[in-house]
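Peer 1: As input, take structure_16.cif (mmCIF, C-alpha atoms):
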```
data_entry
#
loop_
_atom_site.label_atom_id
_atom_site.label_comp_id
_atom_site.auth_asym_id
_atom_site.auth_seq_id
_atom_site.Cartn_x
_atom_site.Cartn_y
_atom_site.Cartn_z
CA SER V 1 2.75 192.67 -62.74
CA GLN V 2 2.32 196.07 -64.35
CA GLN V 3 5.39 197.89 -65.53
CA GLY V 4 3.97 200.62 -67.68
CA GLU V 5 1.98 203.39 -66.07
CA GLU V 6 0.06 205.66 -68.38
CA ASP V 7 -0.66 209.24 -67.52
CA PRO V 8 -3.24 210.66 -67.50
CA GLN V 9 -5.76 207.92 -66.76
CA ALA V 10 -8.39 209.86 -68.71
CA LEU V 11 -8.23 212.71 -71.19
CA SER V 12 -11.03 214.67 -72.83
CA ILE V 13 -10.33 217.06 -75.71
CA GLN V 14 -12.08 218.74 -78.62
CA GLU V 15 -11.80 217.54 -82.17
CA GLY V 16 -8.82 219.12 -83.89
CA GLU V 17 -6.75 219.43 -80.72
CA ASN V 18 -3.64 217.39 -80.02
CA ALA V 19 -3.66 214.61 -77.44
CA THR V 20 -0.58 213.61 -75.46
CA MET V 21 -0.33 210.49 -73.35
CA ASN V 22 2.64 209.42 -71.30
CA CYS V 23 3.98 206.07 -70.22
CA SER V 24 6.58 205.38 -67.55
CA TYR V 25 8.26 202.06 -66.89
CA LYS V 26 10.63 200.61 -64.36
CA THR V 27 13.17 198.25 -65.93
CA SER V 28 15.43 198.29 -68.97
CA ILE V 29 13.58 197.51 -72.16
CA ASN V 30 14.26 196.37 -75.69
CA ASN V 31 11.24 198.14 -77.16
CA LEU V 32 8.04 199.95 -76.24
CA GLN V 33 4.77 199.58 -78.08
CA TRP V 34 1.52 201.54 -78.17
CA TYR V 35 -1.88 199.97 -78.76
CA ARG V 36 -5.41 201.33 -79.18
CA GLN V 37 -8.56 199.63 -77.95
CA ASN V 38 -12.02 200.72 -78.98
CA SER V 39 -14.72 199.99 -76.43
CA GLY V 40 -15.39 196.28 -76.05
CA ARG V 41 -13.00 195.28 -78.82
CA GLY V 42 -9.52 193.84 -79.21
CA LEU V 43 -6.34 195.87 -79.22
CA VAL V 44 -4.76 197.29 -82.35
CA HIS V 45 -1.01 197.75 -82.62
CA LEU V 46 -0.14 201.36 -83.44
CA ILE V 47 3.60 201.76 -83.29
CA LEU V 48 6.76 200.16 -81.90
CA ILE V 49 9.87 202.09 -80.90
CA ARG V 50 13.15 200.37 -80.12
CA SER V 51 15.33 201.30 -77.17
CA ASN V 52 17.96 202.83 -79.47
CA GLU V 53 15.39 205.10 -81.13
CA ARG V 54 14.25 208.44 -79.76
CA GLU V 55 11.35 209.36 -81.97
CA LYS V 56 9.08 207.67 -84.46
CA HIS V 57 6.19 208.85 -86.63
CA SER V 58 3.25 207.09 -88.20
CA GLY V 59 0.64 209.28 -89.86
CA ARG V 60 -0.81 211.55 -87.14
CA LEU V 61 1.03 209.64 -84.41
CA ARG V 62 4.34 210.66 -82.93
CA VAL V 63 6.06 208.56 -80.28
CA THR V 64 9.09 209.58 -78.28
CA LEU V 65 11.22 207.47 -75.98
CA ASP V 66 13.55 208.70 -73.25
CA THR V 67 15.38 205.71 -71.83
CA SER V 68 17.22 207.84 -69.27
CA LYS V 69 13.87 208.82 -67.75
CA LYS V 70 12.25 205.48 -68.55
CA SER V 71 9.35 207.20 -70.21
CA SER V 72 7.56 207.47 -73.53
CA SER V 73 4.91 209.75 -74.93
CA LEU V 74 2.30 209.28 -77.63
CA LEU V 75 1.10 212.38 -79.44
CA ILE V 76 -1.98 212.27 -81.65
CA THR V 77 -2.19 215.40 -83.77
CA ALA V 78 -5.39 216.95 -85.13
CA SER V 79 -7.55 214.49 -83.22
CA ARG V 80 -10.82 213.14 -84.59
CA ALA V 81 -13.88 211.69 -82.89
CA ALA V 82 -12.80 208.30 -84.24
CA ASP V 83 -9.66 208.51 -82.08
CA THR V 84 -11.85 208.03 -79.01
CA ALA V 85 -10.47 204.86 -77.44
CA SER V 86 -8.21 203.55 -74.70
CA TYR V 87 -4.48 203.67 -75.39
CA PHE V 88 -2.03 201.23 -73.81
CA CYS V 89 1.74 201.11 -73.68
CA ALA V 90 3.53 197.80 -73.43
CA THR V 91 7.21 197.11 -72.94
CA GLY V 92 9.19 194.27 -74.49
CA LEU V 93 12.13 193.30 -72.34
CA ASN V 94 14.24 191.09 -74.57
CA ALA V 95 15.22 191.31 -78.23
CA GLY V 96 14.15 188.33 -80.29
CA ASN V 97 12.57 186.64 -77.32
CA ASN V 98 9.83 189.20 -77.05
CA ARG V 99 7.24 186.63 -76.15
CA LYS V 100 5.91 188.50 -73.21
CA LEU V 101 4.94 192.14 -72.98
CA ILE V 102 4.43 194.10 -69.78
CA TRP V 103 1.29 196.23 -70.02
CA GLY V 104 0.16 199.49 -68.53
CA LEU V 105 -3.41 200.18 -67.42
CA GLY V 106 -4.17 202.58 -70.24
CA THR V 107 -5.31 206.12 -70.92
CA SER V 108 -8.94 206.64 -71.86
CA LEU V 109 -9.19 209.33 -74.55
CA ALA V 110 -12.46 211.04 -75.43
CA VAL V 111 -12.46 213.32 -78.47
CA ASN V 112 -15.56 215.49 -78.53
CA PRO V 113 -16.98 216.63 -81.86
CA ASP Y 1 -6.15 191.23 -94.36
CA VAL Y 2 -4.35 189.26 -91.67
CA LYS Y 3 -6.51 188.09 -88.85
CA VAL Y 4 -6.84 186.61 -85.43
CA THR Y 5 -10.32 185.18 -85.05
CA GLN Y 6 -11.96 184.34 -81.75
CA SER Y 7 -14.88 182.00 -82.07
CA SER Y 8 -17.38 183.93 -79.95
CA ARG Y 9 -17.90 187.62 -79.14
CA TYR Y 10 -20.21 186.89 -76.20
CA LEU Y 11 -20.57 183.71 -74.21
CA VAL Y 12 -22.62 182.82 -71.13
CA LYS Y 13 -21.80 179.62 -69.25
CA ARG Y 14 -22.77 178.08 -65.95
CA THR Y 15 -20.59 177.59 -62.90
CA GLY Y 16 -18.79 174.25 -63.02
CA GLU Y 17 -18.98 173.89 -66.81
CA LYS Y 18 -15.90 173.15 -68.88
CA VAL Y 19 -15.51 176.07 -71.27
CA PHE Y 20 -13.52 176.18 -74.49
CA LEU Y 21 -12.42 179.44 -76.09
CA GLU Y 22 -10.98 179.09 -79.57
CA CYS Y 23 -8.54 181.32 -81.38
CA VAL Y 24 -7.33 180.95 -84.96
CA GLN Y 25 -4.73 183.03 -86.79
CA ASP Y 26 -3.95 183.05 -90.50
CA MET Y 27 -0.51 184.67 -90.37
CA ASP Y 28 1.63 181.58 -89.73
CA HIS Y 29 2.76 183.11 -86.43
CA GLU Y 30 4.74 180.95 -84.05
CA ASN Y 31 3.69 182.75 -80.87
CA MET Y 32 0.15 182.90 -79.51
CA PHE Y 33 -1.16 184.36 -76.27
CA TRP Y 34 -4.25 184.36 -74.08
CA TYR Y 35 -5.00 187.36 -71.90
CA ARG Y 36 -7.85 188.36 -69.70
CA GLN Y 37 -8.78 191.99 -69.24
CA ASP Y 38 -10.57 193.33 -66.17
CA PRO Y 39 -11.31 196.92 -65.15
CA GLY Y 40 -8.54 198.35 -63.01
CA LEU Y 41 -6.30 195.32 -63.55
CA GLY Y 42 -5.41 195.75 -67.20
CA LEU Y 43 -4.25 192.88 -69.38
CA ARG Y 44 -3.01 189.82 -67.56
CA LEU Y 45 -1.30 186.98 -69.36
CA ILE Y 46 -2.83 183.56 -68.75
CA TYR Y 47 -0.80 181.30 -71.05
CA PHE Y 48 1.29 181.57 -74.16
CA SER Y 49 2.65 179.19 -76.74
CA TYR Y 50 5.75 179.61 -78.90
CA ASP Y 51 5.30 176.50 -81.02
CA VAL Y 52 2.92 173.64 -81.70
CA LYS Y 53 2.36 171.56 -78.57
CA MET Y 54 4.48 174.01 -76.53
CA LYS Y 55 3.00 176.15 -73.78
CA GLU Y 56 4.17 178.31 -70.93
CA LYS Y 57 2.31 179.67 -67.95
CA GLY Y 58 1.72 183.37 -67.78
CA ASP Y 59 0.95 185.40 -64.70
CA ILE Y 60 -2.44 183.90 -63.82
CA PRO Y 61 -2.68 180.31 -65.12
CA GLU Y 62 -4.68 178.89 -62.21
CA GLY Y 63 -8.01 177.45 -63.30
CA TYR Y 64 -7.03 177.45 -66.97
CA SER Y 65 -5.33 175.14 -69.43
CA VAL Y 66 -4.46 175.50 -73.10
CA SER Y 67 -4.04 173.36 -76.17
CA ARG Y 68 -2.05 173.96 -79.33
CA GLU Y 69 -2.27 170.98 -81.64
CA LYS Y 70 -1.94 173.01 -84.83
CA LYS Y 71 0.10 176.12 -85.48
CA GLU Y 72 -2.89 178.27 -86.35
CA ARG Y 73 -5.10 177.34 -83.41
CA PHE Y 74 -4.69 178.07 -79.71
CA SER Y 75 -7.47 177.02 -77.35
CA LEU Y 76 -8.09 178.23 -73.82
CA ILE Y 77 -9.92 175.85 -71.49
CA LEU Y 78 -11.63 176.74 -68.25
CA GLU Y 79 -11.60 173.39 -66.50
CA SER Y 80 -14.48 174.17 -64.12
CA ALA Y 81 -15.82 177.66 -64.69
CA SER Y 82 -16.28 179.94 -61.71
CA THR Y 83 -17.88 183.37 -61.43
CA ASN Y 84 -14.48 185.01 -60.86
CA GLN Y 85 -13.56 183.97 -64.37
CA THR Y 86 -16.15 186.33 -65.81
CA SER Y 87 -14.01 188.61 -67.94
CA MET Y 88 -13.01 189.77 -71.41
CA TYR Y 89 -10.64 187.23 -72.97
CA LEU Y 90 -8.23 188.34 -75.66
CA CYS Y 91 -6.17 186.16 -77.95
CA ALA Y 92 -3.09 187.50 -79.74
CA SER Y 93 -0.38 186.24 -82.03
CA ARG Y 94 3.07 187.39 -83.04
CA ALA Y 95 5.80 186.22 -85.38
CA THR Y 96 9.16 185.20 -83.95
CA GLY Y 97 12.29 187.25 -84.51
CA GLY Y 98 13.07 190.83 -83.68
CA ALA Y 99 10.82 193.34 -82.04
CA ARG Y 100 7.31 192.99 -83.38
CA GLY Y 101 3.82 194.02 -82.42
CA TYR Y 102 1.01 191.67 -81.51
CA THR Y 103 -2.12 191.10 -83.55
CA PHE Y 104 -5.20 190.71 -81.37
CA GLY Y 105 -8.55 189.11 -81.92
CA SER Y 106 -11.79 191.00 -81.20
CA GLY Y 107 -12.16 189.43 -77.78
CA THR Y 108 -14.70 187.16 -76.09
CA ARG Y 109 -16.84 188.60 -73.32
CA LEU Y 110 -17.38 185.57 -71.08
CA THR Y 111 -19.98 185.61 -68.32
CA ILE Y 112 -20.16 182.78 -65.81
CA VAL Y 113 -23.51 182.55 -64.01
#
```
Mind converting the file's structure to structure tokens?
Peer 2:
Amino acid sequence: SQQGEEDPQALSIQEGENATMNCSYKTSINNLQWYRQNSGRGLVHLILIRSNEREKHSGRLRVTLDTSKKSSSLLITASRAADTASYFCATGLNAGNNRKLIWGLGTSLAVNP
Amino acid sequence: DVKVTQSSRYLVKRTGEKVFLECVQDMDHENMFWYRQDPGLGLRLIYFSYDVKMKEKGDIPEGYSVSREKKERFSLILESASTNQTSMYLCASRATGGARGYTFGSGTRLTIV
């Protein structure tokens, strides 16, 4: 079953612009993770934010988490053509027993040169 | 560089064949996972394993089995391949303890004809 729902489903921007993707979920979580998938390849883990955190940064990535609204956003600043990919959020429900993630359907990002 | 390696990028098999998909990780991770990914359905968990010789069913285990005889290797078996098992198959691994991200392999695009 899908818990995370990404919004928008598709996003097209120009190089240098910022890209924002949102993820909503339904149940209480321990953590939320963002992954990137280039076309036809495996997923790459980008960033993990715990339920007691509100914001996290990694390079050009900024993730926020609002547990009261059950939502998260991923911001990619100063986008590059190489950022073109699908982005997925996944929620981990239990601390330490995070064997199973609940996945969203992804946002397809196109960064045009 | 840590890795999850899937034995084939592309595979074509015939209906009714027994198909083996192999996954090897070099990170000494306890947990390993098999997903399939289909357009519009996202990632769906087939099976996972949290220790050698241990396995648990995911969301869609029907028609599949798994084997984990060694910690580094997790095999997915299609007992009698059918055309509705044509899909992208993704293997992932994760260490136990705390909130952690998954490391994915590059995926196997399996076509059943």
Peer 1: Between V:Leu105, V:Val63, V:Cys89, V:Ala81, which has the minimum distance to chain Y (counting all atoms listed in the file)?
Peer 2: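 Closest residue, counting all atoms listed in the file: V:Leu105.
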Peer 1: Rounded to one decimal place, report the CA of Lys56 (chain V)-CA of Tyr25 (chain V) distance in Å.
Peer 2: 18.5 Å
Peer 1: Please determine the residues with any atom at most 9 Å from (5.9, 203.4, -80.4) (coordinates as given in the file, with only C-alpha atoms counting) and report them as an mmCIF file with C-alpha atoms, keeping the file's coordinate frame.
Peer 2:
```
data_model
loop_
_atom_site.group_PDB
_atom_site.id
_atom_site.type_symbol
_atom_site.label_atom_id
_atom_site.label_comp_id
_atom_site.auth_asym_id
_atom_site.auth_seq_id
_atom_site.Cartn_x
_atom_site.Cartn_y
_atom_site.Cartn_z
ATOM 1 C CA ASN V 31 11.240 198.140 -77.160
ATOM 2 C CA LEU V 32 8.040 199.950 -76.240
ATOM 3 C CA GLN V 33 4.770 199.580 -78.080
ATOM 4 C CA TRP V 34 1.520 201.540 -78.170
ATOM 5 C CA TYR V 35 -1.880 199.970 -78.760
ATOM 6 C CA LEU V 46 -0.140 201.360 -83.440
ATOM 7 C CA ILE V 47 3.600 201.760 -83.290
ATOM 8 C CA LEU V 48 6.760 200.160 -81.900
ATOM 9 C CA ILE V 49 9.870 202.090 -80.900
ATOM 10 C CA ARG V 50 13.150 200.370 -80.120
ATOM 11 C CA GLU V 55 11.350 209.360 -81.970
ATOM 12 C CA LYS V 56 9.080 207.670 -84.460
ATOM 13 C CA HIS V 57 6.190 208.850 -86.630
ATOM 14 C CA LEU V 61 1.030 209.640 -84.410
ATOM 15 C CA ARG V 62 4.340 210.660 -82.930
ATOM 16 C CA VAL V 63 6.060 208.560 -80.280
ATOM 17 C CA THR V 64 9.090 209.580 -78.280
ATOM 18 C CA LEU V 65 11.220 207.470 -75.980
ATOM 19 C CA SER V 72 7.560 207.470 -73.530
ATOM 20 C CA SER V 73 4.910 209.750 -74.930
ATOM 21 C CA LEU V 74 2.300 209.280 -77.630
ATOM 22 C CA CYS V 89 1.740 201.110 -73.680
#
```
Peer 1: Using all atoms listed in the file and a distance of at most 8 Å, pull out the residues of chain Y that contact chain V, as a tab-separated table (two decimals) with C-alpha atoms, keeping the file's coordinate frame.
Peer 2:
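The resulting file, out.tsv, is reproduced below:
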```tsv
chain	number	residue	atom	x	y	z
Y	31	ASN	CA	3.69	182.75	-80.87
Y	40	GLY	CA	-8.54	198.35	-63.01
Y	41	LEU	CA	-6.30	195.32	-63.55
Y	42	GLY	CA	-5.41	195.75	-67.20
Y	43	LEU	CA	-4.25	192.88	-69.38
Y	50	TYR	CA	5.75	179.61	-78.90
Y	59	ASP	CA	0.95	185.40	-64.70
Y	90	LEU	CA	-8.23	188.34	-75.66
Y	96	THR	CA	9.16	185.20	-83.95
Y	97	GLY	CA	12.29	187.25	-84.51
Y	98	GLY	CA	13.07	190.83	-83.68
Y	99	ALA	CA	10.82	193.34	-82.04
Y	100	ARG	CA	7.31	192.99	-83.38
Y	101	GLY	CA	3.82	194.02	-82.42
Y	102	TYR	CA	1.01	191.67	-81.51
Y	103	THR	CA	-2.12	191.10	-83.55
Y	104	PHE	CA	-5.20	190.71	-81.37
Y	105	GLY	CA	-8.55	189.11	-81.92
Y	106	SER	CA	-11.79	191.00	-81.20
Y	107	GLY	CA	-12.16	189.43	-77.78
```
Peer 1: CA of Lys55 (chain Y) and CA of Tyr89 (chain Y), how far apart in Å?
Peer 2: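 About the pair CA of Tyr89 (chain Y) and CA of Lys55 (chain Y): they are 17.6 Å apart.
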Peer 1: Could you write out as a PyMOL selection string the residues that the PyMOL selection byres ((chain Y and resi 46) around 8) matches in the shown file?
Peer 2: chain Y and resi 33-36+44-45+47-48+57-61+64
Peer 1: The PyMOL selection byres ((chain Y and resi 67) around 12) on the file shown: which residues, as a PyMOL selection string?
Peer 2: chain Y and resi 20-23+32-34+47-56+64-66+68-78
Peer 1: Rounded to one decimal in Å, what is the spacing between CA of Ala95 (chain Y) and CA of Asp28 (chain Y)?
Peer 2: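 Value for the CA of Ala95 (chain Y)-CA of Asp28 (chain Y) distance: 7.6 Å.
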Peer 1: Any idea what's packed within 12 Å of Gln14 (chain V), counting only C-alpha atoms, ignoring anything in its chain fewer than 4 positions away? Could you give it as a PyMOL selection string?
Peer 2: chain V and resi 18-19+77-84+109-113
Peer 1: Run the PyMOL selection byres ((chain Y and resi 10) around 12) mentally over the shown coordinates, then write out the matched residues as a VMD selection string, using the chain letters and numbers from the document.
Peer 2: (chain V and resid 40 to 41) or (chain Y and resid 6 to 9 11 to 13 21 86 to 89 106 to 112)
Peer 1: Set the distance at 7 Å and use all atoms listed in the file: which residues neighbour Glu79 (chain Y) once local chain neighbours fewer than 3 positions away are removed? I'd like the list as a list in words.
Peer 2: Lys18, Val19, Gly63 and Tyr64 of chain Y
Peer 1: Could the centre and edge lengths of an axis-aligned box, enclosing all atoms of region 62-81 of chain Y in the file with 5 Å extra on each side, be given in Å to one decimal as lines of an AutoDock Vina configuration file?
Peer 2:
```
center_x = -7.9
center_y = 174.9
center_z = -74.3
size_x = 25.9
size_y = 17.9
size_z = 34.1
```
Peer 1: With distances taken over all atoms listed in the file, which residue among V:Ile76, V:Gly59, V:Ser71, V:Ser108 lies nearest Thr20 (chain V)?
Peer 2: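 Using all atoms listed in the file, Thr20 (chain V) sits closest to V:Ile76.
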